[in-house]
Structure formats: structure tokens, C-alpha cells
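Enquirer: This is the content of coords_31.cif (mmCIF, C-alpha atoms and all ligand atoms):
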```
data_input
loop_
_atom_site.label_atom_id
_atom_site.label_comp_id
_atom_site.auth_asym_id
_atom_site.auth_seq_id
_atom_site.Cartn_x
_atom_site.Cartn_y
_atom_site.Cartn_z
CA MET E 1 -43.92 14.90 -20.66
CA ARG E 2 -44.50 13.05 -23.90
CA CYS E 3 -41.73 15.13 -25.45
CA PHE E 4 -39.34 14.06 -22.65
CA VAL E 5 -40.10 10.38 -23.18
CA VAL E 6 -39.36 10.70 -26.91
CA PHE E 7 -36.05 12.52 -26.28
CA PHE E 8 -35.05 10.07 -23.59
CA PHE E 9 -35.60 7.05 -25.78
CA ILE E 10 -33.83 8.67 -28.76
CA GLY E 11 -30.88 9.33 -26.43
CA CYS E 12 -30.80 5.76 -25.15
CA TYR E 13 -31.12 4.43 -28.68
CA LEU E 14 -28.20 6.52 -29.97
CA GLU E 15 -26.15 5.51 -26.94
CA THR E 16 -26.74 1.82 -27.75
CA ILE E 17 -26.13 2.23 -31.48
CA SER E 18 -22.86 4.10 -31.01
CA ALA E 19 -21.65 1.56 -28.44
CA THR E 20 -22.41 -1.28 -30.84
CA LEU E 21 -20.51 0.34 -33.67
CA THR E 22 -17.38 0.92 -31.64
CA ARG E 23 -17.09 -2.40 -29.84
CA LEU E 24 -15.54 -5.63 -31.00
CA GLU E 25 -18.32 -8.10 -31.85
CA ASP E 26 -16.27 -11.23 -32.32
CA THR E 27 -12.89 -12.74 -31.70
CA VAL E 28 -10.44 -11.42 -34.31
CA ASP E 29 -7.20 -13.01 -35.48
CA LEU E 30 -4.61 -10.24 -35.91
CA THR E 31 -2.05 -12.65 -37.40
CA TRP E 32 -0.85 -13.13 -40.98
CA SER E 33 -0.49 -16.82 -41.95
CA PHE E 34 3.08 -18.05 -42.49
CA ASP E 35 4.04 -19.41 -45.91
CA ASN E 36 6.93 -19.15 -48.36
CA ASP E 37 5.87 -15.57 -49.27
CA THR E 38 5.93 -14.29 -45.70
CA ILE E 39 7.82 -11.00 -45.37
CA TYR E 40 11.21 -11.23 -43.62
CA TRP E 41 14.07 -8.77 -43.34
CA THR E 42 16.41 -9.18 -46.29
CA ASN E 43 19.32 -10.29 -44.06
CA SER E 44 17.22 -12.91 -42.26
CA GLN E 45 16.41 -16.58 -42.92
CA PRO E 46 13.00 -16.48 -44.63
CA PHE E 47 10.18 -18.86 -43.77
CA VAL E 48 10.74 -22.02 -45.80
CA PHE E 49 7.93 -24.54 -45.67
CA THR E 50 8.69 -27.98 -47.07
CA ARG E 51 6.05 -30.60 -47.74
CA LYS E 52 7.55 -33.91 -46.61
CA ILE E 53 4.89 -36.57 -46.29
CA ALA E 54 1.21 -36.60 -47.23
CA GLU E 55 0.00 -40.10 -47.95
CA ILE E 56 -2.16 -43.06 -47.01
CA ARG E 57 0.18 -45.57 -45.39
CA ARG E 58 0.11 -49.30 -46.15
CA ASP E 59 -2.08 -49.85 -43.08
CA GLY E 60 -4.68 -47.43 -44.51
CA VAL E 61 -3.89 -44.59 -42.08
CA TRP E 62 -3.56 -41.06 -43.47
CA TYR E 63 -0.30 -39.45 -42.34
CA ALA E 64 0.97 -35.96 -43.16
CA ALA E 65 3.93 -34.00 -41.75
CA ASN E 66 5.93 -31.00 -43.00
CA GLU E 67 9.00 -29.02 -41.99
CA PHE E 68 9.67 -25.35 -41.69
CA CYS E 69 12.71 -23.21 -41.14
CA ALA E 70 12.58 -19.51 -40.24
CA GLY E 71 14.34 -16.56 -38.65
CA GLU E 72 12.80 -15.09 -35.49
CA HIS E 73 11.85 -11.74 -37.02
CA GLY E 74 9.44 -12.12 -39.91
CA GLY E 75 5.73 -12.23 -40.59
CA THR E 76 3.55 -11.41 -37.58
CA HIS E 77 6.13 -11.66 -34.82
CA PHE E 78 7.18 -10.73 -31.32
CA ASP E 79 10.31 -8.72 -30.41
CA ALA E 80 11.49 -9.54 -26.90
CA PRO E 81 13.19 -6.67 -25.04
CA TYR E 82 16.48 -8.64 -25.28
CA HIS E 83 16.45 -7.91 -29.03
CA PHE E 84 17.79 -4.39 -28.27
CA ASN E 85 18.61 -4.57 -24.55
CA LYS E 86 21.26 -6.96 -23.22
CA GLN E 87 19.52 -6.98 -19.82
CA GLY E 88 16.06 -7.34 -21.35
CA TRP E 89 13.75 -10.35 -21.14
CA LYS E 90 14.09 -13.09 -23.74
CA VAL E 91 10.90 -14.53 -25.23
CA ALA E 92 10.42 -17.33 -22.69
CA GLU E 93 11.03 -14.92 -19.77
CA ILE E 94 8.11 -12.55 -20.43
CA PRO E 95 5.65 -12.83 -17.50
CA LEU E 96 2.28 -14.28 -18.57
CA SER E 97 0.59 -11.32 -16.86
CA ARG E 98 2.00 -9.20 -19.69
CA LEU E 99 0.75 -11.48 -22.46
CA ILE E 100 -2.99 -11.58 -21.70
CA VAL E 101 -3.79 -7.90 -21.43
CA ARG E 102 -6.14 -5.08 -22.29
CA GLY E 103 -5.63 -3.64 -25.74
CA VAL E 104 -6.13 -0.15 -27.11
CA LYS E 105 -5.81 0.96 -30.71
CA ILE E 106 -4.74 4.34 -32.04
CA ASP E 107 -5.51 5.16 -35.65
CA VAL E 108 -3.06 7.42 -37.49
CA THR E 109 -4.19 6.59 -41.02
CA GLU E 110 -5.14 10.26 -41.60
CA GLU E 111 -1.54 11.26 -40.91
CA VAL E 112 -0.38 8.52 -43.31
CA GLU E 113 -2.76 9.73 -46.03
CA LEU E 114 -1.06 13.15 -45.82
CA LEU E 115 2.59 12.16 -45.34
CA LYS E 116 2.68 8.59 -46.72
CA ASP E 117 5.77 6.66 -45.59
CA LYS E 118 7.12 9.80 -43.83
CA ALA E 119 4.25 9.76 -41.32
CA LEU E 120 5.12 9.31 -37.64
CA LEU E 121 3.09 8.64 -34.52
CA LEU E 122 3.61 11.73 -32.34
CA PRO E 123 2.94 12.39 -28.63
CA GLU E 124 0.12 14.73 -29.73
CA HIS E 125 -1.73 11.76 -31.24
CA LEU E 126 -1.47 9.85 -27.94
CA GLU E 127 -2.63 12.87 -25.94
CA GLN E 128 -5.58 13.41 -28.27
CA TRP E 129 -6.47 9.71 -27.97
CA GLU E 130 -6.59 9.99 -24.17
CA GLU E 131 -8.73 13.13 -24.43
CA ASP E 132 -11.22 11.27 -26.62
CA ASN E 133 -11.19 7.87 -24.90
CA GLY E 134 -9.95 8.41 -21.35
CA SER E 135 -6.68 7.27 -19.85
CA ILE E 136 -5.00 4.18 -21.32
CA PRO E 137 -5.52 1.38 -18.74
CA LYS E 138 -2.49 0.04 -16.86
CA ASN E 139 -0.81 -3.09 -18.29
CA SER E 140 -2.10 -2.47 -21.82
CA VAL E 141 -0.80 -3.21 -25.27
CA LEU E 142 -1.01 -0.27 -27.66
CA LEU E 143 -1.80 -1.16 -31.27
CA ILE E 144 -0.90 1.52 -33.78
CA LYS E 145 -2.82 1.45 -37.04
CA PHE E 146 -0.96 3.13 -39.90
CA GLY E 147 -3.31 1.47 -42.41
CA TRP E 148 -0.26 -0.34 -43.84
CA SER E 149 -1.75 -3.87 -43.74
CA LYS E 150 -3.31 -3.23 -47.18
CA TYR E 151 0.17 -3.41 -48.75
CA TYR E 152 1.17 -6.69 -47.05
CA SER E 153 0.68 -8.85 -50.15
CA ASN E 154 3.31 -6.79 -52.02
CA LYS E 155 6.71 -6.91 -50.30
CA THR E 156 8.22 -4.00 -52.30
CA GLU E 157 5.29 -1.71 -51.49
CA TYR E 158 4.96 -2.87 -47.88
CA LEU E 159 8.65 -2.32 -47.08
CA GLY E 160 8.81 0.71 -49.40
CA ILE E 161 12.01 -0.57 -51.01
CA ASP E 162 13.46 2.22 -53.17
CA GLN E 163 16.17 2.19 -55.88
CA GLN E 164 18.94 2.43 -53.26
CA ASP E 165 17.41 -0.55 -51.44
CA ASN E 166 16.40 1.69 -48.51
CA LEU E 167 13.17 0.93 -46.65
CA ASN E 168 10.38 3.51 -46.43
CA PHE E 169 7.33 3.05 -44.22
CA PRO E 170 5.76 4.97 -41.31
CA GLY E 171 6.61 4.36 -37.66
CA LEU E 172 6.73 5.81 -34.16
CA SER E 173 8.65 9.01 -33.43
CA GLU E 174 11.28 8.89 -30.68
CA ALA E 175 9.15 11.37 -28.73
CA ALA E 176 6.15 9.00 -28.91
CA ALA E 177 8.33 6.13 -27.64
CA GLU E 178 9.43 8.37 -24.73
CA TRP E 179 5.77 9.25 -24.02
CA ILE E 180 4.90 5.53 -23.92
CA VAL E 181 7.75 4.77 -21.51
CA LYS E 182 6.85 7.71 -19.23
CA SER E 183 3.16 6.76 -19.14
CA ARG E 184 4.14 3.50 -17.32
CA LYS E 185 0.89 1.93 -18.52
CA ILE E 186 1.97 0.13 -21.69
CA VAL E 187 3.68 -3.29 -21.69
CA GLY E 188 3.81 -3.78 -25.46
CA VAL E 189 3.44 -1.89 -28.72
CA GLY E 190 2.07 -3.43 -31.93
CA VAL E 191 2.29 -2.00 -35.45
CA ASP E 192 0.81 -2.92 -38.85
CA THR E 193 4.21 -2.31 -40.48
CA ALA E 194 7.48 -4.29 -40.51
CA SER E 195 9.00 -2.31 -37.61
CA ALA E 196 8.08 0.01 -34.75
CA ASP E 197 10.82 2.31 -36.10
CA ALA E 198 10.08 4.05 -39.38
CA GLY E 199 11.72 2.26 -42.34
CA ARG E 200 14.42 4.91 -42.74
CA ASP E 201 15.42 4.82 -39.01
CA ILE E 202 18.30 2.36 -39.34
CA ASN E 203 19.53 3.04 -35.78
CA PHE E 204 16.26 1.73 -34.30
CA PRO E 205 15.81 4.46 -31.66
CA VAL E 206 12.22 3.40 -30.87
CA HIS E 207 13.21 -0.25 -30.32
CA ARG E 208 16.03 0.87 -28.02
CA ILE E 209 13.84 3.22 -25.95
CA LEU E 210 11.04 0.64 -25.51
CA SER E 211 13.27 -2.38 -24.85
CA ALA E 212 15.25 -0.42 -22.22
CA HIS E 213 11.95 -0.48 -20.24
CA GLN E 214 11.06 -4.15 -20.93
CA ILE E 215 8.34 -3.11 -23.38
CA TYR E 216 7.94 -5.68 -26.15
CA VAL E 217 7.09 -4.97 -29.78
CA LEU E 218 4.66 -6.76 -32.13
CA GLU E 219 5.37 -6.31 -35.83
CA ASN E 220 3.42 -7.01 -39.03
CA VAL E 221 0.20 -7.09 -37.03
CA LYS E 222 -2.82 -7.63 -39.29
CA ILE E 223 -5.16 -4.80 -38.26
CA PRO E 224 -8.51 -4.94 -40.11
CA ALA E 225 -10.01 -1.80 -41.67
CA ALA E 226 -12.79 -1.80 -39.03
CA PHE E 227 -11.42 -2.36 -35.55
CA PRO E 228 -12.43 -0.54 -32.34
CA ASP E 229 -10.15 1.75 -30.32
CA THR E 230 -11.04 0.11 -27.00
CA GLY E 231 -13.06 -2.69 -25.42
CA PHE E 232 -10.89 -5.68 -26.29
CA ILE E 233 -8.44 -8.06 -24.65
CA LEU E 234 -5.35 -9.35 -26.44
CA TYR E 235 -3.86 -12.81 -26.25
CA VAL E 236 -0.21 -12.22 -27.22
CA LEU E 237 1.20 -15.70 -27.82
CA PRO E 238 4.74 -15.91 -29.25
CA MET E 239 6.27 -19.35 -29.85
CA LYS E 240 8.10 -20.09 -26.59
CA ILE E 241 11.68 -20.06 -27.89
CA GLN E 242 13.80 -20.37 -24.73
CA ASP E 243 16.52 -17.86 -25.64
CA GLY E 244 14.56 -16.12 -28.37
CA THR E 245 15.20 -12.47 -29.22
CA GLY E 246 11.88 -12.75 -31.02
CA ALA E 247 9.45 -15.38 -32.27
CA PRO E 248 6.56 -16.03 -34.63
CA LEU E 249 3.43 -14.71 -32.92
CA ARG E 250 -0.24 -15.63 -32.71
CA LEU E 251 -2.14 -12.49 -31.77
CA ILE E 252 -5.85 -12.65 -30.98
CA ALA E 253 -8.29 -9.94 -29.90
CA ILE E 254 -11.45 -10.84 -28.00
CA PRO E 255 -14.34 -8.60 -26.91
CA HIS E 256 -13.89 -7.43 -23.30
CA ASP E 257 -17.18 -9.06 -22.25
CA SER E 258 -16.44 -12.46 -23.84
CA ASP E 259 -16.45 -15.61 -21.71
CA LEU E 260 -12.81 -16.09 -22.75
CA VAL E 261 -11.73 -13.00 -20.81
CA PRO E 262 -9.99 -13.81 -17.51
CA PRO E 263 -12.04 -12.46 -14.54
CA ASN E 264 -9.33 -9.99 -13.49
CA LEU E 265 -9.56 -8.26 -16.87
CA LYS E 266 -13.35 -8.16 -17.00
CA ILE E 267 -13.91 -5.48 -14.40
CA VAL E 268 -12.78 -2.37 -16.21
CA ALA E 269 -14.37 -1.87 -19.57
CA MET E 270 -13.34 1.38 -21.14
CA SER E 271 -16.45 3.16 -22.29
CA PRO E 272 -16.38 3.39 -26.04
CA ALA E 273 -16.36 6.85 -27.58
CA VAL E 274 -20.00 7.89 -27.59
CA PRO E 275 -20.97 10.81 -29.80
CA ILE E 276 -21.44 13.92 -27.71
CA TYR E 277 -24.94 14.57 -29.14
CA SER E 278 -26.43 11.49 -27.50
CA HIS E 279 -25.09 12.65 -24.11
CA ILE E 280 -26.55 16.13 -24.71
CA ILE E 281 -29.95 14.67 -25.56
CA ILE E 282 -29.95 12.58 -22.37
CA ILE E 283 -28.90 15.55 -20.21
CA LEU E 284 -31.50 17.85 -21.83
CA SER E 285 -34.16 15.18 -21.36
CA SER E 286 -33.28 14.88 -17.69
CA VAL E 287 -33.50 18.67 -17.23
CA VAL E 288 -36.92 18.70 -18.94
CA LEU E 289 -38.02 15.85 -16.66
CA LEU E 290 -36.87 17.74 -13.56
CA VAL E 291 -38.69 20.92 -14.64
CA LEU E 292 -41.87 18.99 -15.47
CA TYR E 293 -41.67 17.06 -12.21
CA SER E 294 -41.16 20.15 -10.03
CA SER E 295 -43.88 22.14 -11.84
CA SER E 296 -46.37 19.25 -11.48
CA ASN E 297 -45.74 19.33 -7.70
CA VAL E 298 -46.61 23.01 -7.41
CA PRO E 299 -50.12 23.28 -5.86
CA GLU E 300 -52.51 24.94 -8.30
ZN ZN K 1 11.38 -7.93 -34.93
#
```
Please express what this file holds, its structure, as C-alpha cells.
Ligand SMILES: [Zn+2]
Expert:
Amino acid sequence: MRCFVVFFFIGCYLETISATLTRLEDTVDLTWSFDNDTIYWTNSQPFVFTRKIAEIRRDGVWYAANEFCAGEHGGTHFDAPYHFNKQGWKVAEIPLSRLIVRGVKIDVTEEVELLKDKALLLPEHLEQWEEDNGSIPKNSVLLIKFGWSKYYSNKTEYLGIDQQDNLNFPGLSEAAAEWIVKSRKIVGVGVDTASADAGRDINFPVHRILSAHQIYVLENVKIPAAFPDTGFILYVLPMKIQDGTGAPLRLIAIPHDSDLVPPNLKIVAMSPAVPIYSHIIIILSSVVLLVLYSSSNVPE
């Protein structure tokens, strides 16, 4: 009996520890700040920030105001479906129900370590993710971590600009985009690179497949090294440009049990991946308990 108690508590302890390690503890800002170094496509108006006024006025009041000018598609930003689909929603038309949503993250950094900028997210990765974590919840945004955020401070490295001025960075495969569309569970896809399409895919097949199904894209997302696969809600807040094909984005992740989570999103919390050994210990402990209990009831 004593043995059971020990096993049971070890099991519970491991269960708690593993849950703590895989859940989001705090609100996380997944946005890069905008400044004059912010990465934009080479054919796009870059972000230009101009200091205009910063002074104490004659009446003693401090007054400061600046100006900025920018294209829609640079830095951490939002691609509306209209960007690649004439019938798609523009930025201001996206329903709010698709902007405050559950988030899931898939990590393909191992693939990127092997294949570098040639790495692609494949349907197999998505299937494996669902085997490990359960089905992706309906109305979710899928964040894809290529581990590319670490290059963000160096535009040449981040975009993988080669001697022919071609871009080289990882992205989604067309087959993965098709898988996402067919799943009918995902309303948006976010990447920690400059585009959902791999750098060399100049025909943007992934953008076209996703936007044909009103799925939006989040680009240059700042995904920290430690970030859980599940258990968080995303606030996807693009600047509300009326006819925007895209817009600068503020993207925030909050723990699923935070007070900031709308009640309708609180109910389903995906169970974080718990190491199998802690389940085994709990099951074994329960069997031992049952055996002990039944044998103690046998009249001597
Ligand atoms: Zn874009």
C-alpha cells in the first residue's frame, strides 16, 4: 500500500511538472517592433519613421508627435485573403471571430537544421503533430516555427539573399497548404519567416491555396525559442486599413486560462503533451491499488 502511495504521488508530480513546462505562463508579444530597419520586400515602400516634434512648448507642456510611412507587407504583418484572391476578404472585412482564436504551434526546426533554407513543412509533420497533441481545434491559427526568428536582425541572412538576388528561406509545401485547407479547422497561418511560401517559390502557390479559402497569413512572426505547442489564445490585431491587402500586425499570445480569454474560448483546453511514463506510472499505481483493495477484502 505504501508503495502505491509513493508511485501515485510520483505520477501526479510528473504530470504537474510536465504540464507546467509545456504551457504558456505569461502573455507573450509575438510582434517585432517597427523602425527604419524593419524588413520589407525589396519592391515595397519600407517603414520610414520621421521624428517631427519633441519639445516643451512655450506654455510648459511637453508635446511630441512623429510620422511614419510604410507599405502593407513588411515587418510583422497580416496578409488578407484579398492579397491573392480577388474575391477574398480585405483587412477590414475579416470577421472578429477569426481574429481572437485558439492557437497551435508546430515546430519544424529539426527539419530546418537538416535542410536549411530548403526545408518545407510537409503534411507528415501536421499528421505527426495531431498524433502527439490531438486534433487541431476548430477556428485555430496555426503557427509554424522554422526557428528563423534568430536571423531577423540581419536582412541578408533572414531573406537568404544570394548573388543572383534570389530569396532563400524555408516555407510551407503546397501539399501542406492543401492539408490545411482540407482540415477545415484553420483560419490563419503564421510563420517566423518573411513569407508562407518558401523564398524560392516566386509563384506563391501556398498564398494562392490558402487565400482561395479565406485563410489569412501572418508573416515575420516573432516566435520565441521556448513556446508551447498548445494551450494559448491569439489576439490577431492588424491595423484596420479599410481596403488593405495586408497591414502591420500586433500579435499577442495569452495562456488559455488567463482572465483575458473570452469565455467561449475558455472551455476547451487542449491537454499539453504529457510524457507517456507519467501516464504509465499512474495506470500501474491504480492497478496495484485495485489488487491491494480486492485482496484486503478477501476474508482470511
Ligand atoms: Zn504579406
Enquirer: Just give me the gap between atom CA of E:Leu122 and atom CA of E:Lys145 in Å, one decimal is fine.
Expert: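 Taking atom CA of E:Leu122 as the start and atom CA of E:Lys145 as the end point, the length is 13.0 Å.
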Enquirer: Restricting the calculation to only C-alpha atoms: of E:Gly188, E:Gly147, E:Gly199, E:Pro123, which residue gets closest to E:Val236?
Expert: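 Of E:Gly188, E:Gly147, E:Gly199, E:Pro123, the one nearest E:Val236, counting only C-alpha atoms, is E:Gly188.
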Enquirer: All residues within 8 Å of ligand ZN 1 (chain K) are required, counting all atoms listed in the file; please report them as a PyMOL selection string.
Expert: chain E and resi 72-74+77-79+83+194-195+217-219+246
Enquirer: Show which residues sit within 8 Å of E:Ile186, as a compact mmCIF listing (two decimals) with C-alpha atoms, in the frame of the given file. Count all atoms listed in the file, and ignore same-chain residues fewer than 2 positions away.
Expert:
```
# COMPACT_ATOMS: atom_id res chain seq x y z
CA LYS E 138 -2.49 0.04 -16.86
CA ASN E 139 -0.81 -3.09 -18.29
CA SER E 140 -2.10 -2.47 -21.82
CA VAL E 141 -0.80 -3.21 -25.27
CA LEU E 142 -1.01 -0.27 -27.66
CA ILE E 180 4.90 5.53 -23.92
CA VAL E 181 7.75 4.77 -21.51
CA SER E 183 3.16 6.76 -19.14
CA ARG E 184 4.14 3.50 -17.32
CA GLY E 188 3.81 -3.78 -25.46
CA VAL E 189 3.44 -1.89 -28.72
CA ILE E 215 8.34 -3.11 -23.38
```
Enquirer: So how far away is atom CA of E:Asn36 from atom CA of E:Leu99, in Å?
Expert: 27.7 Å
Enquirer: Quick one, how far is atom CA of E:Asn154 from atom CA of E:Asp201?
Expert: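 Distance reported for this atom pair: 21.2 Å.
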Enquirer: Can you work out which one of E:Arg200, E:Arg57, E:Lys266, E:Lys155 has the shortest atom-to-atom distance to E:Asn168, counting only C-alpha atoms?
Expert: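 Answer, going by the shortest atom-to-atom distance: E:Arg200.
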Enquirer: Extract, using only C-alpha atoms, all DNA, RNA and protein residues at most 8 Å from stretch 46-55 of chain E, discarding same-chain residues fewer than 6 positions from it, and format them as JSON, numbers by chain.
Expert: {"E": [34, 35, 36, 37, 38, 39, 40, 62, 63, 64, 65, 66, 67, 68, 69, 70, 71, 74]}
Enquirer: List as an MDAnalysis selection string the residues having at least one atom at most 8 Å from position (-7.1, -7.4, -30.7) as given in the file, counting only C-alpha atoms.
Expert: chainID E and resid 27:30 103 232:235 251:254
Enquirer: For stretch 177-188 of chain E, what centre and edge lengths in Å (one decimal) does the axis-aligned box get once 8 Å is added on each side of all its listed atoms, as AutoDock Vina command-line options?
Expert:
```
--center_x 5.2 --center_y 2.7 --center_z -22.5 --size_x 24.5 --size_y 29.0 --size_z 26.3
```
Enquirer: Tell me which protein, DNA and RNA residues are within 12 Å of E:Lys86, counting all atoms listed in the file, leaving out same-chain ones fewer than 2 positions away, and put them as a count of residues only.
Expert: 14
Enquirer: Which is closer to E:Pro205 than all the others in E:Met239, E:Ala176, E:Val191, E:Ile223, using only C-alpha atoms?
Expert: E:Ala176
Enquirer: Between E:Lys240, E:His125, E:Lys116, E:Arg250, which has the minimum distance to E:Ala198 (counting only C-alpha atoms)?
Expert: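 Looking at the shortest contact to E:Ala198, the residue is E:Lys116.
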Enquirer: Kindly extract all protein, DNA and RNA residues lying within 10 Å of the coordinates (8.5, 9.5, -37.1) given in the file, considering all atoms listed in the file, and supply them as number ranges by chain.
Expert: E: 117-122, 169-176, 196-201, 206
Enquirer: Using only C-alpha atoms, find the one residue out of E:Ser258, E:Thr42, E:Asn133, E:Gln164 that sits nearest to E:Ile106.
Expert: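 Of E:Ser258, E:Thr42, E:Asn133, E:Gln164, the one nearest E:Ile106, counting only C-alpha atoms, is E:Asn133.
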Enquirer: Which residue gives the smallest distance to E:Thr193 among E:Trp41, E:Ser295, E:Ser135, E:Lys222, with only C-alpha atoms counted?
Expert: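 Of the candidates, the smallest distance to E:Thr193 is held by E:Lys222.
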